[in-house]
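Chemist: One structure follows; several queries about it will come next.
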Amino acid sequence: MSLTLEDVARIALLSRIELSAAERETTRDQLNGILGFIEQLQAVDTTGIEPMAHAVDVVQRLRPDRITETDRRADFQALAPETEAGLYLVPRVVE
Amino acid sequence: MNWEVVIGLETHAQLRTQSKIFSGSSIAFGAEPNVQASAVDIALPGVLPVLNREAVVCAIKFGLAVGAKIAPRSVFARKNYFYPDLPKGYQISQFEIPVVLGGGLNIRVGAGETATEKFVHLTRAHLEEDAGKSLHEDFHGKTGIDLNRAGTPLLEIVTEPDMRSSAEAVAYAKALHALVQWIGICDGNMQEGSFRCDANVSVRPTGQKEFGTRREIKNLNSFRFMQQAIDFEVQWQINEIEEGRAIRQATVLFDPDSGETRSMRSKEDAHDYRYFPDPDLLPLEITADWIAEVKRGMPELPDAMTARFIVQYGLSAYDAAQLVATRDTARYFEDCAAAAGLENAKLCANWVMGELAARLNKEGLEIAAAPLSAQQLAGIIRRIADNTISNKIARDVFEALWAGDGKDADAVIEAKGWKQITDSGALEALVDEVLAANQKSVEEYRAGKEKAFNALVGQTMKATRGKANPQQVTDLLKKKLGA
């Protein structure tokens, strides 16, 4: 499998990344390189082996249901480009 | 042409935990914007989610309540989409292996003794996190983001396309709404968004095997809107097809003001979520021991309780189902029947569903807040049963106790002198007086006017100020009049 320039444009749109025509070509070549590695992996015969959801074979540790976080809004909002009335402001989104 | 409607529902139930599904922030409703949004919730780089045990317990309870399979191992996945109320760029959800598989709910469609029953199959239920809120007004052309809700635990409950009318869809939604509250995993508050439904709706010619193309109505937050939205959507789809236009798969919104559904996005620009297992979270393991432990802490379920009420109290299926509408109603009834005696259970049921329900409804109160306790109501019922008071006087006693006027039925009856006249000598004297004073009615009755007899009963009851047993009065009058 290899990606076309149109595939790259679609992935960029989904990821909200703007790519120039030249970047699109570089990105396509880099992604196709990665897909090449995946093809090597897929060549391995895994018949009868149960797929894993994680590289490490352990299970999720659980947290007791307790409120441990405090209000750190002022710290966090000091990092934000724009805030008002406690809200983060972002370019208008309408759906 | 006849059309068949096909509906499947997806419901998001907000789980009743203290903290978020992957962080230790509070999920309390109504806080100042962003004060309950931690580094994990706002997706600062380098943070890691840690799963809340209680959210998993809620999922297990639900799985047990609907007779589903609880996956011994389930997997969290990233559902990718880009939207500012989801700052990670993905929602943590479950995709290939959800925590709850299959199961279903019995629903009753319609009211009264003509109601029909139906079993709605569930496909799955999975754990996921909620997104934040976007506020579009008043920020000089910008959108304000509040991330307090981001990371709130949700159980998304998905049905098979089993429902065939808006009435069935609403009956299912109501049954599910009652169940999640019954088992204590969701507060069911629809105004605050704790229980929201999406409806997948399609139509097909009656008899056709294949499903039609469906449209999904998003975010129905009341049962009334659900009914209206589905009814509108069904009619719209039928009209489109009958006018030769094909239905195109789409997501639509219901506008309560116009009563119409309108398209939000079509399939062509539907999100490509690119699900994959979240490398930040390991598989969730649920052992048989854990399931057994949760099961031991579960309350009796509504279906089992309904069946028990029918057998134990000799109630009709309809009465039993009414009483089992909420855990509080069922508890009130059982306390009342325990205090009034098993032989008076039917009378208890009638009073709980009748006088008490009407009065609570009128005052806008929940049964848990009733000023009249189950034991006080049982006190009234015992005095009806042993003929101390008539039904009419019983309602007066009910009012007095409701108003806090007296500690129990016996005290009220005593204080007001409402004891029914059972002394037949005293009653006979009264009847004689009434007959003497109403000669005209007596003559009319003797001349064959049945109505005149009722007037005499009325006069006697009035003379006793309602304290006589109407049956006893009738019998006495008939005897006196030689009928």
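Residue numbers start at 1 in each chain; chains themselves are named A, B, ... in the order of the structure tokens; ligands are numbered from 1 in the order shown.
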Residues of chain A within 12 Å of chain B, counting only C-alpha atoms, what are they? List them as a PyMOL selection string.
Modeler: chain A and resi 10-17+51-77+79-80+82-95
Chemist: Env of range 33-49 of chain A: 10 Å cut, atoms = only C-alpha atoms, seq-sep filter 5 positions within chain, self excluded. Answer as a list in words.
Modeler: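 Here the answer would be Met1, Ser2, Leu3, Thr27 and Arg28 of chain A.
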Chemist: Which residues come within 8 Å of Leu122 in chain B, counting only C-alpha atoms, excluding same-chain residues fewer than 6 positions away, as a list of chain:residue names?
Modeler: B:Leu101, B:Gly102, B:Gly103, B:Gly104, B:Leu105, B:Ile157, B:Val158, B:Thr159, B:Glu160
Chemist: Would you pick out the contacts of Leu323 in chain B at 8 Å or less, using only C-alpha atoms, so that residues sharing its chain but fewer than 3 positions from it are not included, and give the list as a PyMOL selection string?
Modeler: chain B and resi 319-320+326+329-330+333+349+353
Chemist: Using backbone DSSP assignments, extract all strand (DSSP E or B) residues from chain A; output them as a PDB file with all heavy atoms, in the first residue's frame.
Modeler:
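The result, written out as selection.pdb:
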```
ATOM      1  N   LEU A  62      -6.544   0.686  38.491  1.00  0.00           N
ATOM      2  CA  LEU A  62      -7.690   1.573  38.659  1.00  0.00           C
ATOM      3  C   LEU A  62      -7.457   2.547  39.813  1.00  0.00           C
ATOM      4  O   LEU A  62      -6.729   2.251  40.761  1.00  0.00           O
ATOM      5  CB  LEU A  62      -8.955   0.752  38.899  1.00  0.00           C
ATOM      6  CG  LEU A  62      -9.264  -0.234  37.772  1.00  0.00           C
ATOM      7  CD1 LEU A  62     -10.427  -1.127  38.150  1.00  0.00           C
ATOM      8  CD2 LEU A  62      -9.566   0.503  36.478  1.00  0.00           C
ATOM      9  N   ARG A  63      -8.146   3.677  39.692  1.00  0.00           N
ATOM     10  CA  ARG A  63      -7.998   4.762  40.656  1.00  0.00           C
ATOM     11  C   ARG A  63      -9.256   4.798  41.516  1.00  0.00           C
ATOM     12  O   ARG A  63     -10.363   4.629  40.998  1.00  0.00           O
ATOM     13  CB  ARG A  63      -7.910   6.054  39.825  1.00  0.00           C
ATOM     14  CG  ARG A  63      -7.795   7.350  40.547  1.00  0.00           C
ATOM     15  CD  ARG A  63      -7.606   8.492  39.524  1.00  0.00           C
ATOM     16  NE  ARG A  63      -8.729   8.612  38.583  1.00  0.00           N
ATOM     17  CZ  ARG A  63      -9.876   9.190  38.871  1.00  0.00           C
ATOM     18  NH1 ARG A  63     -10.088   9.717  40.040  1.00  0.00           N
ATOM     19  NH2 ARG A  63     -10.825   9.246  37.971  1.00  0.00           N
ATOM     20  N   THR A  83      -8.458  34.535  27.068  1.00  0.00           N
ATOM     21  CA  THR A  83      -9.505  34.017  27.958  1.00  0.00           C
ATOM     22  C   THR A  83     -10.444  35.162  28.311  1.00  0.00           C
ATOM     23  O   THR A  83     -10.095  36.332  28.185  1.00  0.00           O
ATOM     24  CB  THR A  83      -8.917  33.459  29.277  1.00  0.00           C
ATOM     25  OG1 THR A  83      -8.253  34.509  29.948  1.00  0.00           O
ATOM     26  CG2 THR A  83      -7.961  32.312  29.050  1.00  0.00           C
ATOM     27  N   GLU A  84     -11.655  34.805  28.723  1.00  0.00           N
ATOM     28  CA  GLU A  84     -12.595  35.824  29.193  1.00  0.00           C
ATOM     29  C   GLU A  84     -13.630  35.143  30.078  1.00  0.00           C
ATOM     30  O   GLU A  84     -14.112  34.052  29.758  1.00  0.00           O
ATOM     31  CB  GLU A  84     -13.304  36.495  27.999  1.00  0.00           C
ATOM     32  CG  GLU A  84     -14.175  37.670  28.429  1.00  0.00           C
ATOM     33  CD  GLU A  84     -14.795  38.406  27.244  1.00  0.00           C
ATOM     34  OE1 GLU A  84     -14.070  38.683  26.266  1.00  0.00           O
ATOM     35  OE2 GLU A  84     -16.010  38.670  27.292  1.00  0.00           O
ATOM     36  N   LEU A  87     -13.440  31.553  30.602  1.00  0.00           N
ATOM     37  CA  LEU A  87     -13.505  30.670  29.429  1.00  0.00           C
ATOM     38  C   LEU A  87     -12.240  30.835  28.579  1.00  0.00           C
ATOM     39  O   LEU A  87     -11.639  31.918  28.553  1.00  0.00           O
ATOM     40  CB  LEU A  87     -14.723  31.028  28.573  1.00  0.00           C
ATOM     41  CG  LEU A  87     -16.072  30.880  29.256  1.00  0.00           C
ATOM     42  CD1 LEU A  87     -17.139  31.665  28.499  1.00  0.00           C
ATOM     43  CD2 LEU A  87     -16.463  29.407  29.329  1.00  0.00           C
ATOM     44  N   TYR A  88     -11.860  29.754  27.899  1.00  0.00           N
ATOM     45  CA  TYR A  88     -10.824  29.866  26.877  1.00  0.00           C
ATOM     46  C   TYR A  88     -11.506  30.360  25.612  1.00  0.00           C
ATOM     47  O   TYR A  88     -12.562  29.848  25.236  1.00  0.00           O
ATOM     48  CB  TYR A  88     -10.202  28.493  26.597  1.00  0.00           C
ATOM     49  CG  TYR A  88      -9.443  27.921  27.781  1.00  0.00           C
ATOM     50  CD1 TYR A  88     -10.081  27.086  28.695  1.00  0.00           C
ATOM     51  CD2 TYR A  88      -8.106  28.228  27.981  1.00  0.00           C
ATOM     52  CE1 TYR A  88      -9.399  26.575  29.791  1.00  0.00           C
ATOM     53  CE2 TYR A  88      -7.416  27.721  29.081  1.00  0.00           C
ATOM     54  CZ  TYR A  88      -8.064  26.890  29.981  1.00  0.00           C
ATOM     55  OH  TYR A  88      -7.387  26.388  31.058  1.00  0.00           O
ATOM     56  N   LEU A  89     -10.915  31.373  24.950  1.00  0.00           N
ATOM     57  CA  LEU A  89     -11.512  31.854  23.705  1.00  0.00           C
ATOM     58  C   LEU A  89     -10.756  31.270  22.514  1.00  0.00           C
ATOM     59  O   LEU A  89      -9.530  31.239  22.501  1.00  0.00           O
ATOM     60  CB  LEU A  89     -11.498  33.385  23.637  1.00  0.00           C
ATOM     61  CG  LEU A  89     -12.341  34.125  24.670  1.00  0.00           C
ATOM     62  CD1 LEU A  89     -12.486  35.590  24.287  1.00  0.00           C
ATOM     63  CD2 LEU A  89     -13.731  33.489  24.809  1.00  0.00           C
ATOM     64  N   VAL A  90     -11.539  30.792  21.541  1.00  0.00           N
ATOM     65  CA  VAL A  90     -10.951  30.207  20.332  1.00  0.00           C
ATOM     66  C   VAL A  90     -11.669  30.802  19.127  1.00  0.00           C
ATOM     67  O   VAL A  90     -12.754  31.367  19.277  1.00  0.00           O
ATOM     68  CB  VAL A  90     -11.112  28.664  20.322  1.00  0.00           C
ATOM     69  CG1 VAL A  90     -10.393  28.043  21.506  1.00  0.00           C
ATOM     70  CG2 VAL A  90     -12.580  28.264  20.304  1.00  0.00           C
ATOM     71  N   PRO A  91     -11.041  30.710  17.926  1.00  0.00           N
ATOM     72  CA  PRO A  91     -11.749  31.201  16.735  1.00  0.00           C
ATOM     73  C   PRO A  91     -13.146  30.579  16.649  1.00  0.00           C
ATOM     74  O   PRO A  91     -13.331  29.406  17.001  1.00  0.00           O
ATOM     75  CB  PRO A  91     -10.870  30.727  15.577  1.00  0.00           C
ATOM     76  CG  PRO A  91      -9.502  30.597  16.169  1.00  0.00           C
ATOM     77  CD  PRO A  91      -9.728  30.167  17.594  1.00  0.00           C
TER      78      PRO A  91
END
```
Chemist: Quick one, how far is CA of Leu220 in chain B from CA of Cys197 in chain B?
Modeler: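 Taking CA of Leu220 in chain B and CA of Cys197 in chain B, their separation equals 5.1 Å.
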Chemist: Hey, can you check how far CA of Thr152 in chain B sits from CA of Pro299 in chain B?
Modeler: 25.0 Å
Chemist: Point out the residue among B:Gly193, B:Gly46, B:Gly188, B:Gly341 with the least atom-to-atom distance to Lys174 in chain B, counting only C-alpha atoms.
Modeler: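 Among the listed residues, B:Gly188 lies closest to Lys174 in chain B.
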Chemist: Which of chain A counts as alpha helix (DSSP H) under DSSP, as an MDAnalysis selection string please?
Modeler: chainID A and resid 5:14 21:42 73:77
